[in-house]
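Trainee: File follows, coords-v8.cif with mmCIF, C-alpha atoms and all ligand atoms:
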data_entry
loop_
_atom_site.label_atom_id
_atom_site.label_comp_id
_atom_site.auth_asym_id
_atom_site.auth_seq_id
_atom_site.Cartn_x
_atom_site.Cartn_y
_atom_site.Cartn_z
CA MET C 1099 20.26 -3.97 -31.64
CA LYS C 1100 22.73 -5.56 -29.22
CA GLN C 1101 21.30 -7.07 -26.02
CA TYR C 1102 22.71 -5.69 -22.75
CA LYS C 1103 22.88 -7.56 -19.43
CA VAL C 1104 21.72 -5.37 -16.58
CA ALA C 1105 21.76 -5.38 -12.77
CA VAL C 1106 19.50 -3.28 -10.56
CA ILE C 1107 21.26 -2.12 -7.39
CA GLY C 1108 18.57 -1.31 -4.82
CA GLY C 1109 16.19 -3.52 -6.79
CA THR C 1110 13.96 -4.21 -3.77
CA GLY C 1111 13.05 -0.52 -3.20
CA MET C 1112 10.34 1.64 -4.73
CA VAL C 1113 12.45 2.85 -7.66
CA GLY C 1114 14.24 -0.50 -7.92
CA GLN C 1115 10.90 -2.30 -8.32
CA ARG C 1116 10.10 0.08 -11.19
CA PHE C 1117 13.43 -0.73 -12.83
CA VAL C 1118 12.77 -4.46 -12.49
CA THR C 1119 9.28 -3.97 -13.99
CA LEU C 1120 10.66 -1.88 -16.87
CA MET C 1121 13.20 -4.57 -17.74
CA GLU C 1122 10.34 -7.00 -18.48
CA ASN C 1123 10.05 -7.13 -22.28
CA HIS C 1124 12.62 -4.33 -22.78
CA PRO C 1125 13.91 -4.73 -26.34
CA TRP C 1126 17.60 -4.09 -25.46
CA PHE C 1127 18.04 -4.80 -21.72
CA ARG C 1128 17.97 -8.17 -19.97
CA LEU C 1129 17.67 -8.32 -16.17
CA THR C 1130 20.59 -10.47 -15.05
CA ALA C 1131 21.20 -9.56 -11.39
CA ILE C 1132 19.48 -7.76 -8.53
CA ALA C 1133 21.28 -6.40 -5.46
CA ALA C 1134 20.19 -4.68 -2.28
CA SER C 1135 21.34 -4.49 1.36
CA ALA C 1136 22.61 -7.43 3.40
CA ARG C 1137 19.05 -7.64 4.82
CA SER C 1138 17.75 -8.89 1.45
CA ALA C 1139 20.84 -10.69 0.16
CA GLY C 1140 20.44 -14.46 -0.19
CA LYS C 1141 16.64 -14.33 -0.54
CA THR C 1142 14.91 -14.85 -3.86
CA TYR C 1143 13.57 -11.59 -5.26
CA GLU C 1144 10.03 -12.83 -4.65
CA GLU C 1145 10.80 -13.52 -0.96
CA ALA C 1146 12.53 -10.17 -0.57
CA VAL C 1147 9.71 -8.03 -2.01
CA SER C 1148 6.42 -9.94 -1.78
CA HIS C 1149 5.36 -8.14 1.45
CA ARG C 1150 6.17 -4.70 -0.03
CA TRP C 1151 5.55 -5.00 -3.76
CA ALA C 1152 4.21 -1.56 -4.71
CA MET C 1153 3.73 -1.82 -8.47
CA ALA C 1154 0.32 -2.17 -10.16
CA THR C 1155 1.54 -5.14 -12.22
CA PRO C 1156 2.70 -8.45 -10.65
CA ILE C 1157 6.36 -9.24 -9.92
CA PRO C 1158 7.84 -10.18 -13.32
CA GLU C 1159 8.25 -13.97 -13.68
CA GLU C 1160 11.87 -13.57 -14.86
CA ALA C 1161 12.74 -11.70 -11.63
CA LYS C 1162 10.97 -13.90 -9.04
CA GLY C 1163 13.66 -16.57 -8.78
CA ILE C 1164 16.71 -14.31 -8.99
CA VAL C 1165 18.68 -14.54 -5.74
CA VAL C 1166 19.30 -11.02 -4.44
CA MET C 1167 22.99 -10.20 -4.04
CA ASP C 1168 24.72 -7.87 -1.59
CA ALA C 1169 25.34 -4.57 -3.42
CA GLU C 1170 28.60 -3.93 -1.55
CA ALA C 1171 30.08 -7.35 -0.78
CA ASP C 1172 29.23 -8.81 -4.22
CA ALA C 1173 30.20 -5.73 -6.28
CA GLU C 1174 33.05 -7.42 -8.13
CA LYS C 1175 30.93 -10.44 -9.00
CA ILE C 1176 28.02 -8.30 -10.20
CA ALA C 1177 30.30 -6.02 -12.27
CA GLY C 1178 31.62 -9.14 -14.00
CA MET C 1179 28.12 -10.42 -14.84
CA VAL C 1180 26.59 -7.38 -16.52
CA ASP C 1181 27.15 -4.63 -19.11
CA PHE C 1182 25.99 -1.87 -16.73
CA VAL C 1183 23.98 -1.28 -13.53
CA PHE C 1184 21.05 0.90 -12.55
CA CYS C 1185 21.47 2.25 -9.02
CA ALA C 1186 18.65 3.41 -6.70
CA VAL C 1187 19.63 2.94 -3.07
CA ASP C 1188 18.67 4.60 0.17
CA MET C 1189 22.00 5.10 1.92
CA LYS C 1190 24.08 8.00 3.24
CA LYS C 1191 25.34 10.25 0.43
CA GLU C 1192 29.02 9.49 1.00
CA GLU C 1193 28.27 5.75 1.04
CA ILE C 1194 26.39 6.04 -2.27
CA ARG C 1195 29.24 8.03 -3.81
CA ALA C 1196 31.70 5.33 -2.74
CA LEU C 1197 29.43 2.51 -3.99
CA GLU C 1198 28.83 4.09 -7.40
CA GLU C 1199 32.52 4.87 -7.84
CA LYS C 1200 33.38 1.30 -6.86
CA TYR C 1201 31.24 -0.09 -9.72
CA ALA C 1202 32.58 2.51 -12.19
CA LYS C 1203 36.17 1.60 -11.25
CA LEU C 1204 35.28 -2.07 -11.78
CA GLU C 1205 34.64 -0.96 -15.40
CA CYS C 1206 30.90 -1.25 -14.94
CA PRO C 1207 28.93 1.86 -16.06
CA VAL C 1208 26.47 3.17 -13.45
CA VAL C 1209 23.17 4.84 -14.40
CA SER C 1210 22.03 6.38 -11.15
CA ASN C 1211 18.81 7.69 -9.67
CA ASN C 1212 20.51 8.88 -6.52
CA SER C 1213 21.37 12.49 -5.83
CA ALA C 1214 24.82 11.74 -4.37
CA ASN C 1215 26.79 12.31 -7.59
CA ARG C 1216 24.61 14.95 -9.23
CA TRP C 1217 27.08 17.70 -8.35
CA THR C 1218 30.26 15.72 -8.97
CA GLU C 1219 32.06 17.94 -11.46
CA ASP C 1220 32.50 15.48 -14.31
CA VAL C 1221 29.29 13.46 -13.84
CA PRO C 1222 26.62 14.25 -16.43
CA MET C 1223 23.08 14.83 -15.12
CA VAL C 1224 20.87 14.22 -18.10
CA VAL C 1225 17.31 14.51 -19.34
CA PRO C 1226 17.79 13.13 -22.86
CA GLU C 1227 15.41 15.64 -24.49
CA ILE C 1228 17.16 18.60 -22.82
CA ASN C 1229 20.92 18.06 -22.54
CA ALA C 1230 21.89 14.79 -24.24
CA ASP C 1231 25.16 16.44 -25.35
CA HIS C 1232 26.36 16.51 -21.70
CA ILE C 1233 27.29 12.82 -21.89
CA ARG C 1234 30.52 13.77 -23.64
CA ILE C 1235 31.88 14.86 -20.22
CA ILE C 1236 32.21 11.10 -19.55
CA GLU C 1237 35.54 11.20 -21.39
CA GLU C 1238 36.88 13.61 -18.70
CA GLN C 1239 35.42 11.45 -15.93
CA ARG C 1240 37.06 8.32 -17.29
CA LYS C 1241 40.44 10.10 -17.20
CA ARG C 1242 39.90 10.93 -13.49
CA LEU C 1243 38.73 7.41 -12.61
CA GLY C 1244 41.38 5.76 -14.75
CA THR C 1245 38.76 3.60 -16.49
CA LYS C 1246 38.14 2.53 -20.08
CA ARG C 1247 34.44 1.60 -19.82
CA GLY C 1248 33.38 2.55 -16.32
CA PHE C 1249 31.64 5.87 -15.51
CA ILE C 1250 28.70 7.31 -13.58
CA ALA C 1251 25.79 9.13 -15.24
CA VAL C 1252 22.82 10.42 -13.27
CA LYS C 1253 19.34 11.70 -13.80
CA SER C 1254 17.98 14.80 -12.13
CA ASN C 1255 15.56 15.06 -9.22
CA CYS C 1256 11.95 13.98 -9.79
CA SER C 1257 10.42 17.30 -8.59
CA LEU C 1258 11.71 19.29 -11.58
CA GLN C 1259 10.90 16.71 -14.23
CA SER C 1260 7.69 18.50 -15.21
CA TYR C 1261 8.59 22.19 -15.13
CA VAL C 1262 12.15 22.14 -16.50
CA PRO C 1263 10.97 20.48 -19.74
CA ALA C 1264 8.18 23.08 -20.02
CA LEU C 1265 10.52 26.03 -19.37
CA THR C 1266 13.37 24.81 -21.61
CA PRO C 1267 11.93 25.67 -25.05
CA LEU C 1268 10.98 29.14 -23.74
CA LEU C 1269 14.48 30.10 -22.54
CA LYS C 1270 15.32 31.45 -26.01
CA TYR C 1271 12.99 34.42 -25.42
CA GLY C 1272 15.01 35.58 -22.39
CA MET C 1273 13.35 34.41 -19.19
CA ASP C 1274 14.08 36.40 -16.05
CA ARG C 1275 12.66 34.19 -13.29
CA ALA C 1276 10.22 31.46 -12.33
CA LEU C 1277 8.32 30.61 -9.16
CA VAL C 1278 7.36 26.98 -8.67
CA CYS C 1279 5.18 25.13 -6.14
CA THR C 1280 5.31 21.34 -6.40
CA TYR C 1281 2.71 18.87 -5.12
CA GLN C 1282 4.59 15.59 -4.78
CA ALA C 1283 3.29 12.03 -4.46
CA ILE C 1284 4.20 9.74 -1.57
CA SER C 1285 5.97 7.18 -3.80
CA GLY C 1286 8.61 9.91 -4.12
CA ALA C 1287 9.50 9.09 -0.52
CA GLY C 1288 9.58 5.36 -1.32
CA LYS C 1289 6.19 4.98 0.43
CA THR C 1290 2.68 3.65 -0.12
CA PHE C 1291 -0.42 4.66 1.91
CA GLU C 1292 -0.21 1.32 3.80
CA ARG C 1293 3.31 2.16 4.91
CA TRP C 1294 2.59 5.86 5.51
CA PRO C 1295 -0.97 6.09 6.93
CA GLU C 1296 -0.31 9.61 8.28
CA MET C 1297 -0.37 10.80 4.67
CA VAL C 1298 -4.01 9.83 4.10
CA ASP C 1299 -6.06 13.06 3.97
CA ASN C 1300 -2.92 15.09 4.57
CA CYS C 1301 -0.52 17.61 3.05
CA ILE C 1302 2.96 18.20 4.51
CA PRO C 1303 4.62 21.49 3.53
CA TYR C 1304 8.16 20.15 3.80
CA ILE C 1305 10.34 17.66 1.90
CA GLY C 1306 13.91 17.74 3.20
CA GLY C 1307 16.39 19.14 0.66
CA GLU C 1308 13.84 19.21 -2.15
CA GLU C 1309 13.48 22.96 -2.58
CA GLU C 1310 17.24 23.45 -2.92
CA LYS C 1311 17.41 20.68 -5.56
CA SER C 1312 14.41 22.10 -7.41
CA GLU C 1313 16.06 25.53 -7.62
CA ARG C 1314 19.67 24.46 -8.29
CA GLU C 1315 19.61 21.38 -10.51
CA PRO C 1316 18.05 23.19 -13.51
CA MET C 1317 21.24 25.31 -13.72
CA LYS C 1318 23.28 22.14 -14.35
CA LEU C 1319 20.73 20.77 -16.85
CA TRP C 1320 20.99 24.07 -18.76
CA ALA C 1321 24.81 24.25 -18.43
CA LYS C 1322 27.33 24.43 -21.29
CA ILE C 1323 30.55 22.43 -21.52
CA GLU C 1324 33.63 24.58 -22.10
CA ASP C 1325 37.22 23.25 -22.00
CA GLY C 1326 36.01 19.92 -20.61
CA LYS C 1327 34.09 21.53 -17.72
CA PHE C 1328 30.48 22.44 -17.01
CA VAL C 1329 29.70 26.16 -16.94
CA LEU C 1330 26.42 26.39 -15.05
CA ALA C 1331 23.55 28.47 -16.41
CA ASP C 1332 23.11 31.72 -14.49
CA GLY C 1333 19.34 31.83 -14.84
CA PRO C 1334 16.45 32.11 -15.00
CA ALA C 1335 16.40 32.27 -11.19
CA ILE C 1336 13.98 29.73 -9.71
CA THR C 1337 12.33 29.83 -6.31
CA ALA C 1338 10.48 26.72 -5.14
CA GLN C 1339 8.16 25.42 -2.43
CA CYS C 1340 7.68 21.65 -2.29
CA PHE C 1341 4.72 19.91 -0.65
CA ARG C 1342 4.03 16.23 -0.02
CA VAL C 1343 0.39 15.52 -0.97
CA ALA C 1344 -1.94 12.54 -0.62
CA CYS C 1345 -1.36 11.03 -4.08
CA SER C 1346 0.23 7.65 -4.72
CA ASP C 1347 2.19 8.61 -7.88
CA GLY C 1348 2.63 11.79 -9.90
CA HIS C 1349 4.28 15.12 -9.12
CA MET C 1350 2.29 18.24 -10.09
CA ALA C 1351 3.78 21.75 -10.29
CA ALA C 1352 2.24 25.23 -10.41
CA VAL C 1353 4.60 27.54 -12.30
CA PHE C 1354 4.78 31.32 -12.69
CA MET C 1355 7.24 32.78 -15.21
CA LYS C 1356 8.49 36.29 -15.94
CA PHE C 1357 10.39 37.23 -19.10
CA LYS C 1358 12.98 39.98 -19.42
CA ASP C 1359 11.66 43.39 -20.49
CA GLY C 1360 10.36 43.33 -24.03
CA CYS C 1361 10.91 39.57 -24.40
CA ARG C 1362 7.47 38.20 -23.55
CA PRO C 1363 6.19 35.72 -26.17
CA SER C 1364 2.47 35.29 -26.90
CA MET C 1365 0.45 32.39 -25.50
CA GLU C 1366 0.19 31.00 -29.06
CA GLN C 1367 4.00 31.07 -29.43
CA ILE C 1368 4.43 29.27 -26.11
CA LYS C 1369 1.95 26.53 -27.02
CA ALA C 1370 3.60 26.12 -30.44
CA ASP C 1371 7.05 25.81 -28.75
CA TRP C 1372 5.71 23.16 -26.37
CA ALA C 1373 4.09 21.22 -29.23
CA ALA C 1374 7.31 21.29 -31.28
CA PHE C 1375 9.73 20.46 -28.44
CA SER C 1376 11.64 17.21 -28.88
CA GLY C 1377 15.25 16.16 -28.45
CA ARG C 1378 17.89 13.52 -29.01
CA ALA C 1379 15.67 10.83 -27.43
CA GLN C 1380 13.10 11.31 -30.22
CA GLU C 1381 15.75 11.79 -32.94
CA LEU C 1382 17.28 8.41 -32.02
CA ASN C 1383 13.82 6.90 -31.60
CA LEU C 1384 14.87 5.39 -28.24
CA PRO C 1385 12.51 2.61 -27.08
CA SER C 1386 11.33 4.48 -23.95
CA ALA C 1387 11.11 7.95 -25.51
CA PRO C 1388 7.62 9.47 -25.66
CA LYS C 1389 6.55 10.37 -29.21
CA GLN C 1390 5.27 13.74 -27.95
CA PHE C 1391 7.33 14.94 -24.95
CA LEU C 1392 5.03 17.81 -23.84
CA HIS C 1393 1.25 17.41 -24.15
CA TYR C 1394 -0.82 20.56 -23.75
CA PHE C 1395 -4.39 20.19 -22.47
CA GLU C 1396 -6.92 22.92 -23.34
CA GLU C 1397 -9.45 21.64 -20.75
CA PRO C 1398 -9.40 23.96 -17.68
CA ASP C 1399 -9.24 21.07 -15.18
CA ARG C 1400 -6.29 19.19 -16.71
CA PRO C 1401 -3.74 17.76 -16.24
CA GLN C 1402 -5.01 15.65 -13.37
CA THR C 1403 -2.76 13.29 -11.47
CA ARG C 1404 -4.91 10.16 -11.78
CA LEU C 1405 -5.97 10.77 -15.37
CA ASP C 1406 -2.71 11.95 -16.91
CA ARG C 1407 0.32 10.61 -15.05
CA MET C 1408 0.52 7.50 -17.30
CA LEU C 1409 0.57 9.50 -20.54
CA GLU C 1410 2.85 7.69 -23.04
CA ASN C 1411 3.71 5.00 -20.45
CA GLY C 1412 4.44 7.64 -17.82
CA MET C 1413 7.25 9.16 -19.90
CA ALA C 1414 5.52 12.27 -21.27
CA VAL C 1415 4.92 15.53 -19.40
CA SER C 1416 1.46 17.05 -19.37
CA VAL C 1417 0.89 20.79 -19.25
CA GLY C 1418 -2.23 22.92 -18.93
CA ARG C 1419 -3.88 26.13 -17.71
CA LEU C 1420 -1.49 28.54 -19.43
CA ARG C 1421 -2.82 32.02 -18.74
CA PRO C 1422 -1.62 35.58 -18.05
CA ASP C 1423 -0.71 36.48 -14.49
CA THR C 1424 -0.97 39.82 -12.67
CA GLN C 1425 2.50 39.67 -11.03
CA TYR C 1426 4.42 37.43 -13.47
CA ASP C 1427 3.84 37.25 -17.24
CA TYR C 1428 2.20 33.81 -17.30
CA LYS C 1429 1.26 30.89 -15.08
CA PHE C 1430 0.58 27.23 -15.90
CA VAL C 1431 0.52 23.76 -14.32
CA CYS C 1432 2.40 20.63 -15.30
CA LEU C 1433 2.64 17.00 -14.23
CA SER C 1434 5.01 14.06 -14.57
CA HIS C 1435 5.09 10.54 -13.19
CA ASN C 1436 7.71 10.60 -10.45
CA THR C 1437 8.81 6.96 -10.42
CA LEU C 1438 8.57 6.59 -14.23
CA ARG C 1439 9.79 9.74 -16.02
CA GLY C 1440 11.07 11.17 -12.72
CA ALA C 1441 13.05 8.10 -11.66
CA ALA C 1442 13.34 4.59 -13.15
CA GLY C 1443 11.84 5.45 -16.57
CA GLY C 1444 14.15 8.46 -16.85
CA GLY C 1445 17.06 6.19 -15.88
CA VAL C 1446 16.13 3.63 -18.53
CA LEU C 1447 15.84 6.37 -21.17
CA LEU C 1448 19.28 7.70 -20.16
CA ALA C 1449 20.76 4.18 -20.41
CA GLU C 1450 19.22 3.81 -23.87
CA LEU C 1451 20.84 7.11 -24.90
CA LEU C 1452 24.23 5.97 -23.54
CA CYS C 1453 23.95 2.67 -25.46
CA ALA C 1454 22.82 4.33 -28.69
CA GLU C 1455 25.66 6.88 -28.47
CA GLY C 1456 28.28 4.17 -27.81
CA TYR C 1457 29.17 4.99 -24.18
CA ILE C 1458 27.93 1.61 -22.92
N1 LIG C 1501 10.94 7.32 -5.10
C1 LIG C 1501 11.16 8.23 -6.04
O1 LIG C 1501 10.23 8.72 -6.71
C2 LIG C 1501 12.56 8.69 -6.34
C3 LIG C 1501 12.73 9.56 -7.41
C4 LIG C 1501 14.01 9.96 -7.76
C5 LIG C 1501 15.08 9.51 -7.05
N2 LIG C 1501 14.91 8.66 -5.99
C6 LIG C 1501 16.12 8.20 -5.29
O2 LIG C 1501 16.29 6.81 -5.55
C7 LIG C 1501 16.90 6.18 -4.41
C8 LIG C 1501 16.02 5.04 -3.93
O3 LIG C 1501 14.76 5.55 -3.55
P1 LIG C 1501 13.53 4.60 -3.19
O4 LIG C 1501 12.36 5.50 -3.08
O5 LIG C 1501 13.46 3.48 -4.16
O6 LIG C 1501 13.98 4.04 -1.75
P2 LIG C 1501 13.48 2.73 -0.98
O7 LIG C 1501 12.16 2.28 -1.48
O8 LIG C 1501 13.66 3.04 0.46
O9 LIG C 1501 14.57 1.59 -1.41
C9 LIG C 1501 15.88 1.66 -0.99
C10 LIG C 1501 16.73 0.55 -1.60
O10 LIG C 1501 18.09 0.74 -1.14
C11 LIG C 1501 18.54 -0.51 -0.61
N3 LIG C 1501 19.54 -0.29 0.44
C12 LIG C 1501 19.39 0.35 1.61
N4 LIG C 1501 20.55 0.31 2.33
C13 LIG C 1501 21.45 -0.36 1.55
C14 LIG C 1501 22.80 -0.74 1.71
N5 LIG C 1501 23.50 -0.44 2.82
N6 LIG C 1501 23.41 -1.41 0.71
C15 LIG C 1501 22.73 -1.71 -0.42
N7 LIG C 1501 21.44 -1.40 -0.64
C16 LIG C 1501 20.81 -0.72 0.33
C17 LIG C 1501 17.30 -1.18 -0.08
O11 LIG C 1501 17.55 -2.56 0.10
P3 LIG C 1501 16.76 -3.43 1.23
O12 LIG C 1501 15.42 -3.69 0.63
O13 LIG C 1501 17.59 -4.67 1.33
O14 LIG C 1501 16.71 -2.62 2.47
C18 LIG C 1501 16.32 -0.87 -1.20
O15 LIG C 1501 16.54 -1.72 -2.29
C19 LIG C 1501 17.10 7.27 -3.36
O16 LIG C 1501 18.42 7.76 -3.47
C20 LIG C 1501 16.08 8.32 -3.78
O17 LIG C 1501 16.46 9.60 -3.36
C21 LIG C 1501 13.66 8.23 -5.62
#
The structure in this file should be written as structure tokens.

Mentor:
Amino acid sequence: MKQYKVAVIGGTGMVGQRFVTLMENHPWFRLTAIAASARSAGKTYEEAVSHRWAMATPIPEEAKGIVVMDAEADAEKIAGMVDFVFCAVDMKKEEIRALEEKYAKLECPVVSNNSANRWTEDVPMVVPEINADHIRIIEEQRKRLGTKRGFIAVKSNCSLQSYVPALTPLLKYGMDRALVCTYQAISGAGKTFERWPEMVDNCIPYIGGEEEKSEREPMKLWAKIEDGKFVLADGPAITAQCFRVACSDGHMAAVFMKFKDGCRPSMEQIKADWAAFSGRAQELNLPSAPKQFLHYFEEPDRPQTRLDRMLENGMAVSVGRLRPDTQYDYKFVCLSHNTLRGAAGGGVLLAELLCAEGYI
């Protein structure tokens, strides 16, 4: 397989550090540049992150000596050095949109973790097991941007990365609605307990903008493309409450689902659908794809955040406690690693899909 040169924009942040870590020993991708704000530019990567390194493994040797560049001022230079960029920056939405479009127009594909472009009409938002076919919208986007190579592709929000995969193979029965409560780790806010001591022994029942994303983004993931445009799914309706909980990594969700009249599958059918669910990522045998996307646990106290978030290198989703409900048809719980499958790992898998399908 061809080797691709890669830059991580926002490489000093929580998600950026994950990207840098995932590039170590990646069979296709070679870390070539790292960029962040002007505050970090000019420092070696080691100098820029040593006081806030949040990964369990040490800073990769290959990254330590890379001199961090300025994501905005050095855009042209960076675009000329690499085959594509990963982007995970904490900036105002309109600034992120402008930055990502700048790289795309410099003919440098952008694989983004940010939410800024998720609702841009011709930007695909992709979970490779669910809607890999959406990447063909890139042809429409390239026409708008006037580019040959450059484009923006995004991944969805981390909160929904557990329950949308679990609901997807059940949509065929005719699902009416779902109620979801998420219990989200502090790394989802770019934080560790050292940097957010108020979160120790705490639960905060509010994450700005998260409930709207958790309810709305699934409709784009489940959309169809007709005449070069996305037609959003019109259900099942989702209502969500999102909590920040005292976990370092791993977003859990409690899910209740109701099927349309006469459409309710059996628990055995549901478990069989989960066991059989795979997608383009598995078909193409992408390096970061989990072998088994959804793992069902029969034990009544699983999945657990600490025990199960790293399943298949943090790229699989764990599910458990499927049982009948008195108000809805069924309820269950699910878990995914928010900075791996829900952020950088999901971004790497999307980039692998784009390379394998010839878009990068
Ligand atoms: N954490 C998660 O689980 C998660 C999941 C999904 C999506 N996301 C999204 O990913 C993005 C990054 O999140 P994070 O948690 O990694 O944030 P973070 O830890 O706060 O890191 C932010 C990064 O953005 C850079 N940055 C800030 N202002 C900049 C500017 N003006 N120009 C260029 N770079 C700038 C920072 O550089 P300096 O170090 O130089 O300040 C740093 O590298 C956000 O859009 C977030 O919503 C996060």

Trainee: Go through segment 1106-1184 of chain C and flag each residue having an atom no more than 12 Å from segment 1233-1255 of chain C; for those, report the closest pair of atoms plus their distance in Å to one decimal, using only C-alpha atoms, ordered by chain and rising number, as JSON lines.

Mentor:
{"residue": "C:Ala1177", "atom": "CA", "partner": "C:Gly1248", "partner_atom": "CA", "distance": 10.0}
{"residue": "C:Asp1181", "atom": "CA", "partner": "C:Arg1247", "partner_atom": "CA", "distance": 9.6}
{"residue": "C:Phe1182", "atom": "CA", "partner": "C:Gly1248", "partner_atom": "CA", "distance": 8.6}
{"residue": "C:Val1183", "atom": "CA", "partner": "C:Ile1250", "partner_atom": "CA", "distance": 9.8}
{"residue": "C:Phe1184", "atom": "CA", "partner": "C:Val1252", "partner_atom": "CA", "distance": 9.7}

Trainee: Residues within 6 Å of ligand LIG 1501 (chain C), counting all atoms listed in the file: report them as an NGL selection string.

Mentor: :C and (1108-1114 or 1134-1135 or 1137-1138 or 1169 or 1186-1189 or 1211-1212 or 1255-1256 or 1285-1288 or 1436-1437 or 1440-1441)

Trainee: Taking only C-alpha atoms into account, name the residue in C:Trp1294, C:Tyr1394, C:Tyr1271, C:Tyr1261 that is nearest to Glu1313 of chain C.

Mentor: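 Looking only at the distances to Glu1313 of chain C, the closest residue turns out to be C:Tyr1261.
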
Trainee: How big is the axis-aligned box around the listed atoms of segment 1195-1210 of chain C once 5 Å is added on each side, and where is its centre? Give both in Å to one decimal, as lines of an AutoDock Vina configuration file.

Mentor:
center_x = 29.1
center_y = 3.0
center_z = -9.4
size_x = 24.1
size_y = 20.1
size_z = 23.3

Trainee: Pick out the residues sitting within 8 Å of segment 1116-1124 of chain C, and hand them over as a list of chain:residue names; count all atoms listed in the file, and ignore anything fewer than 2 positions along from it in its own chain.

Mentor: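 Contacts, in chain order: C:Val1106, C:Gly1109, C:Met1112, C:Val1113, C:Gly1114, C:Trp1126, C:Phe1127, C:Arg1128, C:Leu1129, C:Met1153, C:Ile1157, C:Pro1158, C:Glu1160, C:Ala1161, C:Phe1184, C:Thr1437, C:Leu1438, C:Ala1442, C:Gly1443, C:Val1446.
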
Trainee: For those residues, write C-alpha atoms to a file as a compact mmCIF listing (two decimals), in the frame of the given file.

Mentor:
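File produced: again07.txt:
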# COMPACT_ATOMS: atom_id res chain seq x y z
CA VAL C 1106 19.50 -3.28 -10.56
CA GLY C 1109 16.19 -3.52 -6.79
CA MET C 1112 10.34 1.64 -4.73
CA VAL C 1113 12.45 2.85 -7.66
CA GLY C 1114 14.24 -0.50 -7.92
CA TRP C 1126 17.60 -4.09 -25.46
CA PHE C 1127 18.04 -4.80 -21.72
CA ARG C 1128 17.97 -8.17 -19.97
CA LEU C 1129 17.67 -8.32 -16.17
CA MET C 1153 3.73 -1.82 -8.47
CA ILE C 1157 6.36 -9.24 -9.92
CA PRO C 1158 7.84 -10.18 -13.32
CA GLU C 1160 11.87 -13.57 -14.86
CA ALA C 1161 12.74 -11.70 -11.63
CA PHE C 1184 21.05 0.90 -12.55
CA THR C 1437 8.81 6.96 -10.42
CA LEU C 1438 8.57 6.59 -14.23
CA ALA C 1442 13.34 4.59 -13.15
CA GLY C 1443 11.84 5.45 -16.57
CA VAL C 1446 16.13 3.63 -18.53

Trainee: Would you mind reading off the distance between atom CA of Lys1429 of chain C and atom CA of Tyr1304 of chain C, one decimal, in Å?

Mentor: 22.8 Å

Trainee: Go through C:Ala1214, C:Thr1130, C:Val1166, C:Leu1265 one by one, measure the shortest atom-to-atom distance of each to Glu1144 of chain C using only C-alpha atoms, and give the residue with the smallest value.

Mentor: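 Among C:Ala1214, C:Thr1130, C:Val1166, C:Leu1265, it is C:Val1166 that comes nearest to Glu1144 of chain C.
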
Trainee: Would you work out the distance separating atom CA of Gly1445 of chain C from atom CA of Lys1103 of chain C, expressed in Å to one decimal?

Mentor: 15.3 Å

Trainee: Each residue of segment 1248-1293 of chain C lying at most 9 Å from segment 1316-1331 of chain C should get a row with its shortest atom-to-atom pair and the distance in Å to one decimal, counting all atoms listed in the file; could you produce that, ordered by chain and increasing number, as a tab-separated table?

Mentor:
residue	atom	partner	partner_atom	distance
C:Ser1254	CA	C:Leu1319	CA	8.1
C:Leu1258	CA	C:Pro1316	CA	7.7
C:Val1262	CA	C:Pro1316	CA	6.7
C:Thr1266	CA	C:Trp1320	CA	8.2

Trainee: Find, counting all atoms listed in the file, the residue in C:Leu1392, C:Ala1338, C:Val1221, C:Ile1302 that gets nearest to Ser1260 of chain C.

Mentor: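 Result for the nearest residue to Ser1260 of chain C: C:Leu1392.
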
Trainee: What are the closest atom pairs, with distances in Å to one decimal, for all residues of segment 1322-1385 of chain C lying within 12 Å of segment 1404-1412 of chain C? Consider only C-alpha atoms, order rows by chain and residue number, and present the result as a Markdown table.

Mentor:
| residue | atom | partner | partner_atom | distance |
| --- | --- | --- | --- | --- |
| C:Ala1344 | CA | C:Arg1404 | CA | 11.8 |
| C:Cys1345 | CA | C:Arg1404 | CA | 8.5 |
| C:Ser1346 | CA | C:Arg1404 | CA | 9.1 |
| C:Asp1347 | CA | C:Arg1407 | CA | 7.7 |
| C:Gly1348 | CA | C:Arg1407 | CA | 5.8 |
| C:His1349 | CA | C:Arg1407 | CA | 8.4 |
| C:Met1350 | CA | C:Arg1407 | CA | 9.3 |
| C:Pro1385 | CA | C:Asn1411 | CA | 11.3 |

Trainee: Which is closest to Lys1270 of chain C among C:Cys1206, C:Cys1361, C:Ala1370, C:Leu1420, if we use all atoms listed in the file?

Mentor: C:Cys1361

Trainee: Hey, can you check how far atom CA of Lys1358 of chain C sits from atom CA of Gly1377 of chain C?

Mentor: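 We find that atom CA of Lys1358 of chain C and atom CA of Gly1377 of chain C lie 25.6 Å from each other.
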
Trainee: Considering only C-alpha atoms, can you say which of C:Leu1382, C:Ile1284, C:Ile1107, C:Ala1136 comes closest to Val1180 of chain C?

Mentor: C:Ile1107

Trainee: Residues near Val1343 of chain C, anyone? I mean within 9 Å using all atoms listed in the file, not counting same-chain ones fewer than 2 positions away, as a short mmCIF file (atom, residue, chain, number, x, y, z; two decimals) with C-alpha atoms, in the coordinates of the input.

Mentor:
data_model
loop_
_atom_site.label_atom_id
_atom_site.label_comp_id
_atom_site.auth_asym_id
_atom_site.auth_seq_id
_atom_site.Cartn_x
_atom_site.Cartn_y
_atom_site.Cartn_z
CA TYR C 1281 2.71 18.87 -5.12
CA GLN C 1282 4.59 15.59 -4.78
CA ALA C 1283 3.29 12.03 -4.46
CA ILE C 1284 4.20 9.74 -1.57
CA MET C 1297 -0.37 10.80 4.67
CA VAL C 1298 -4.01 9.83 4.10
CA ASP C 1299 -6.06 13.06 3.97
CA ASN C 1300 -2.92 15.09 4.57
CA CYS C 1301 -0.52 17.61 3.05
CA ILE C 1302 2.96 18.20 4.51
CA PRO C 1303 4.62 21.49 3.53
CA PHE C 1341 4.72 19.91 -0.65
CA CYS C 1345 -1.36 11.03 -4.08
CA SER C 1346 0.23 7.65 -4.72
#
